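Colleague: Just passing along the structure, written as structure tokens.
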Amino acid sequence: MLTVKKIVQLSEGMENIALVAVVIAKSDPRLFSGSLARAGGRYGVKAAFEESADGSTTASTARGVLTLTLRDSERDTINCTVWAAADVIVRYDETITIGDVLDVQKPQVTASFYGRSEQYSPRVTSSFSLTVNEQAVGNQIAHHAGGPDPYLSSLIRIPLVRPEETIPLADLVASGAGCSGETFHVLAVVRSVRPARQIRIARRNETRAFREVVLMDQSHSGVLLKLWSAAYIRWADRWQPLVTVLLIVDARTEYSEYHRSVGLTIDRKTIIIQDPKVPQIVERLLRHAKDVPMQSVDVACSLSSGTIDPATINTVMTVQQILDRSGGTGSQITEEDQFTALCYAVITRLDLDGPGSRTVSHRCSHCQTFVARQSPFCPKEDCPGYRTPPALDSFFDLTVDLTDHTGTLVGCRMVSAVAETVLRCDVTTFERKTEQQRTALKWMYLLDRCAVRLVVKRRTATRFQQLFSIVGCTLVDPLEVESKLKVY
Ligand SMILES: [Zn+2]
């Protein structure tokens, strides 16, 4: 007969007990061939001994291990290491997910002070750890037999650390390479979830599943979170951009030489609490997330609406210099994600006329969100325009190519008020113009030398494309150009 105990009641060497608890973290399974498992001992097994699930090891001798982090009250957490035949471990990995309530029967209770595994497992409150070894009789884990347990299920949303113990994303980014490898607690909104991919790791001659998630908070608009664990990659399917909030306990920081910025990764110490129960803080985060310009058109609009005074942009750069600096190659890399430039160039593309040219875009009149051309509805779920087609506000949304003697800057955005000033025509008047009048307007600028003032948003870890936003454009005297022009 088993006695049901709570985590807090455990003591060393207890026998014939059972626990009921919810899974709050789960490691990736590790599988070993029988002989190596013996040689490697309990915890000293090195990664070199690992075998893939479909490896050559036969099922009869192969063993595996999986670590689960369990919780049975707001306070109490404990790690539970499960040893079993490899196929059983693989089955556990497939069937046990974070949030499941489990019965743990006849575990071994040991003081975790001596367990070196603690370094590689999440931090817990209990000073003991559980071991389930399925070779012992009656020793097992299973989904809870007593049906749903609302109390235990609700524990997965109770924060494990206080919000004050989390660190703003901007502070992580600011510390640069200096904090690489350290762990921090982070509370952030999911900004986007990229598709899972297979990455080839040449060094180990294997492919691994990989997924990137972009996080944001009030202090920073995008930090990359990398997921390498199959369980977390699957879990991320349920994360919704601008809706899901994550409290990440012991997220590992990782400096990327490639992006020249700090990102986060989940490792074996990390615990993620999805949508933690700290309502006011979560609400504030989500409100902030909804107000931040997301699409490049929104960023271009906010840039052209006076956040930067064009008169202050006087650094003359050629197209090639702008390309070098924006793409992250060359020697002029800075940590800042934007810079400004004054470029003397000819407008070689300005699609004001002709079929299919995009000249005017629309915003929802209720909430000012960008409404895609093909849809009459506002994309924001909480807006009245989501269900009933809203009235639309029009604004200029022009794509412009700029060319000088060094090259072409393709796809610069010229939007809203800037375009109205340049074309000396407001958007309503423009919409009433005939095709011929539009063509005439185009030729006022096309192939003429202009002084173009740009804000360039560099390509970063969280922005796939650089953005060239025109914030000022005037026709110039060829003599002025000659005096300012640079050879390179
Ligand atoms: Zn709307």
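All residue names refer to the structure tokens as shown: chains lettered A, B, ... in order, residues numbered from 1 in each chain, ligands numbered from 1 in order.
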Please give me, as an MDAnalysis selection string, the residues lying within 9 Å of ligand 1 when counting only C-alpha atoms and all ligand atoms.
Modeller: chainID A and resid 363:371 377:386 390
Colleague: Within 9 Å of Leu215 in chain A, counting only C-alpha atoms, which residues qualify if same-chain residues fewer than 5 places away don't, as a PyMOL selection string?
Modeller: chain A and resi 169+188-192+220-225+246
Colleague: Output the selection as a CSV table (one decimal), in the first residue's frame - C-alpha atoms for each residue.
Modeller:
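And here is the file that came out, again-v1.csv:
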chain,number,residue,atom,x,y,z
A,169,LEU,CA,15.5,42.9,-22.3
A,188,ALA,CA,8.3,39.2,-22.1
A,189,VAL,CA,5.6,39.1,-24.8
A,190,VAL,CA,6.0,36.8,-27.8
A,191,ARG,CA,6.3,39.1,-30.8
A,192,SER,CA,6.6,36.4,-33.5
A,220,HIS,CA,13.1,46.5,-26.2
A,221,SER,CA,11.3,45.7,-29.3
A,222,GLY,CA,12.9,42.4,-30.2
A,223,VAL,CA,15.3,39.8,-28.7
A,224,LEU,CA,15.7,36.4,-30.2
A,225,LEU,CA,14.9,33.2,-28.2
A,246,LEU,CA,6.3,34.1,-21.1
Colleague: Give me the residues near Thr348 in chain A as a PDB file with N, CA and C atoms, in the first residue's frame, where near means some atom within 12 Å (using only C-alpha atoms) and where sequence neighbours in that chain fewer than 4 positions away do not count.
Modeller:
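The new file selection_12.pdb reads:
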ATOM      1  N   THR A 399       6.929  53.168 -53.269  1.00  0.00           N
ATOM      2  CA  THR A 399       8.214  52.493 -53.326  1.00  0.00           C
ATOM      3  C   THR A 399       9.085  53.221 -54.340  1.00  0.00           C
ATOM      4  N   VAL A 400      10.280  53.562 -53.905  1.00  0.00           N
ATOM      5  CA  VAL A 400      11.147  54.410 -54.709  1.00  0.00           C
ATOM      6  C   VAL A 400      12.520  53.750 -54.815  1.00  0.00           C
ATOM      7  N   ASP A 401      13.115  53.749 -56.005  1.00  0.00           N
ATOM      8  CA  ASP A 401      14.513  53.327 -56.139  1.00  0.00           C
ATOM      9  C   ASP A 401      15.383  54.557 -56.331  1.00  0.00           C
ATOM     10  N   LEU A 402      16.527  54.564 -55.662  1.00  0.00           N
ATOM     11  CA  LEU A 402      17.462  55.687 -55.779  1.00  0.00           C
ATOM     12  C   LEU A 402      18.760  55.186 -56.379  1.00  0.00           C
ATOM     13  N   THR A 403      19.297  55.935 -57.346  1.00  0.00           N
ATOM     14  CA  THR A 403      20.526  55.500 -58.002  1.00  0.00           C
ATOM     15  C   THR A 403      21.539  56.639 -58.017  1.00  0.00           C
ATOM     16  N   ASP A 404      22.778  56.313 -57.682  1.00  0.00           N
ATOM     17  CA  ASP A 404      23.858  57.267 -57.931  1.00  0.00           C
ATOM     18  C   ASP A 404      24.989  56.532 -58.636  1.00  0.00           C
ATOM     19  N   GLY A 407      25.661  52.870 -57.204  1.00  0.00           N
ATOM     20  CA  GLY A 407      24.715  51.748 -57.176  1.00  0.00           C
ATOM     21  C   GLY A 407      23.279  52.210 -56.997  1.00  0.00           C
ATOM     22  N   THR A 408      22.403  51.226 -56.707  1.00  0.00           N
ATOM     23  CA  THR A 408      20.978  51.533 -56.556  1.00  0.00           C
ATOM     24  C   THR A 408      20.455  51.034 -55.206  1.00  0.00           C
ATOM     25  N   LEU A 409      19.709  51.876 -54.554  1.00  0.00           N
ATOM     26  CA  LEU A 409      19.030  51.508 -53.317  1.00  0.00           C
ATOM     27  C   LEU A 409      17.602  51.137 -53.719  1.00  0.00           C
ATOM     28  N   VAL A 410      17.304  49.831 -53.662  1.00  0.00           N
ATOM     29  CA  VAL A 410      16.024  49.357 -54.179  1.00  0.00           C
ATOM     30  C   VAL A 410      14.970  49.354 -53.075  1.00  0.00           C
ATOM     31  N   GLY A 411      13.783  49.798 -53.394  1.00  0.00           N
ATOM     32  CA  GLY A 411      12.641  49.641 -52.490  1.00  0.00           C
ATOM     33  C   GLY A 411      12.638  50.548 -51.274  1.00  0.00           C
ATOM     34  N   CYS A 412      13.036  51.827 -51.450  1.00  0.00           N
ATOM     35  CA  CYS A 412      12.920  52.769 -50.329  1.00  0.00           C
ATOM     36  C   CYS A 412      11.443  53.106 -50.131  1.00  0.00           C
ATOM     37  N   LYS A 442       4.679  62.015 -61.876  1.00  0.00           N
ATOM     38  CA  LYS A 442       5.842  61.145 -61.767  1.00  0.00           C
ATOM     39  C   LYS A 442       7.060  61.778 -62.435  1.00  0.00           C
ATOM     40  N   TRP A 443       6.855  62.351 -63.610  1.00  0.00           N
ATOM     41  CA  TRP A 443       7.996  62.884 -64.356  1.00  0.00           C
ATOM     42  C   TRP A 443       8.548  64.174 -63.777  1.00  0.00           C
ATOM     43  N   TYR A 445       9.724  64.202 -60.940  1.00  0.00           N
ATOM     44  CA  TYR A 445      10.848  63.753 -60.110  1.00  0.00           C
ATOM     45  C   TYR A 445      11.717  62.706 -60.763  1.00  0.00           C
ATOM     46  N   LEU A 446      11.084  61.854 -61.569  1.00  0.00           N
ATOM     47  CA  LEU A 446      11.819  60.718 -62.104  1.00  0.00           C
ATOM     48  C   LEU A 446      13.026  61.178 -62.911  1.00  0.00           C
ATOM     49  N   LEU A 447      14.146  60.548 -62.652  1.00  0.00           N
ATOM     50  CA  LEU A 447      15.409  60.799 -63.336  1.00  0.00           C
ATOM     51  C   LEU A 447      15.983  62.182 -63.062  1.00  0.00           C
ATOM     52  N   ASP A 448      15.454  62.839 -62.040  1.00  0.00           N
ATOM     53  CA  ASP A 448      16.063  64.102 -61.631  1.00  0.00           C
ATOM     54  C   ASP A 448      16.896  63.895 -60.385  1.00  0.00           C
ATOM     55  N   ARG A 449      17.939  64.688 -60.270  1.00  0.00           N
ATOM     56  CA  ARG A 449      18.829  64.579 -59.124  1.00  0.00           C
ATOM     57  C   ARG A 449      18.136  65.200 -57.900  1.00  0.00           C
ATOM     58  N   CYS A 450      18.079  64.429 -56.812  1.00  0.00           N
ATOM     59  CA  CYS A 450      17.423  64.897 -55.597  1.00  0.00           C
ATOM     60  C   CYS A 450      18.369  64.795 -54.408  1.00  0.00           C
TER      61      CYS A 450
END
Colleague: Which residue, A:Pro163, A:Ser375, A:Arg453, A:Glu431, has the smallest gap to Phe339 in chain A when you use only C-alpha atoms?
Modeller: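 The answer is A:Arg453, which sits nearest to Phe339 in chain A.
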Colleague: Assign secondary structure with DSSP using the backbone only, and return the residues of range 259-468 of chain A in strand (DSSP E) as a ChimeraX atom specification.
Modeller: /A:261-265,271-274,338-350,360-364,370-371,392-404,407-415,449-457,467-468
Colleague: Where in range 116-170 of chain A does DSSP assign alpha helix (DSSP H), given as a list in words?
Modeller: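 So the alpha helix (DSSP H) residues in range 116-170 of chain A would be Pro150, Tyr151, Leu152, Ser153, Ser154, Leu169 and Ala170 of chain A.
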Colleague: For Arg75 in chain A, which of A:Asn16, A:Val282, A:Val456, A:Pro159 is the closest residue, counting only C-alpha atoms?
Modeller: A:Pro159
Colleague: Just how far from CA of Leu187 in chain A is CA of Pro276 in chain A, in Å to one decimal?
Modeller: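 According to the coordinates, CA of Pro276 in chain A and CA of Leu187 in chain A are separated by 9.1 Å.
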Colleague: Given only C-alpha atoms as the basis, pick out the residue of A:Arg358, A:Lys26, A:Arg71, A:Lys226 nearest to Val101 in chain A.
Modeller: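 Residue with the minimum atom-to-atom distance to Val101 in chain A: A:Arg71.
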Colleague: Applying 10 Å and only C-alpha atoms, which residues near Glu254 in chain A remain after dropping the ones on its own chain fewer than 5 positions away? List them as a list of chain:residue names.
Modeller: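 So the residues in contact are A:Gly176, A:Ala177, A:Gly178, A:Cys179, A:Ser180, A:Gly181, A:Glu182, A:Thr183, A:Leu224, A:Leu225, A:Lys226, A:Ser261, A:Val262, A:Gly263, A:Leu264, A:Thr265.
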Colleague: Would you list the contacts of range 143-152 of chain A as a PyMOL selection string, taking every protein, DNA or RNA residue within 6 Å and counting only C-alpha atoms, but skipping same-chain residues closer than 5 positions in sequence?
Modeller: chain A and resi 22+101-103
Colleague: Selection from above, N, CA and C atoms, as a PDB file, in the first residue's frame, can you write it?
Modeller:
ATOM      1  N   VAL A  22       2.227  18.281 -10.977  1.00  0.00           N
ATOM      2  CA  VAL A  22       2.132  18.734 -12.363  1.00  0.00           C
ATOM      3  C   VAL A  22       3.543  18.944 -12.918  1.00  0.00           C
ATOM      4  N   VAL A 101      -0.637  16.266 -15.342  1.00  0.00           N
ATOM      5  CA  VAL A 101      -0.587  15.859 -13.931  1.00  0.00           C
ATOM      6  C   VAL A 101      -0.222  14.370 -13.880  1.00  0.00           C
ATOM      7  N   LEU A 102       0.803  14.054 -13.095  1.00  0.00           N
ATOM      8  CA  LEU A 102       1.322  12.687 -13.062  1.00  0.00           C
ATOM      9  C   LEU A 102       1.213  12.060 -11.678  1.00  0.00           C
ATOM     10  N   ASP A 103       1.101  10.740 -11.661  1.00  0.00           N
ATOM     11  CA  ASP A 103       1.287   9.961 -10.431  1.00  0.00           C
ATOM     12  C   ASP A 103       2.710   9.409 -10.477  1.00  0.00           C
TER      13      ASP A 103
END
Colleague: Measuring between only C-alpha atoms, which one of A:Asp353, A:Val186, A:Arg325, A:Phe396 shows the shortest distance to Ile272 in chain A?
Modeller: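 Looking at the shortest contact to Ile272 in chain A, the residue is A:Val186.
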Colleague: Rounded to one decimal in Å, what is the spacing between CA of Ala202 in chain A and CA of Tyr255 in chain A?
Modeller: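 Separating CA of Ala202 in chain A from CA of Tyr255 in chain A is a distance of 20.6 Å.
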Colleague: Quick one: pull the distance between CA of Asp324 in chain A and CA of Ser296 in chain A, Å, one decimal.
Modeller: 20.4 Å
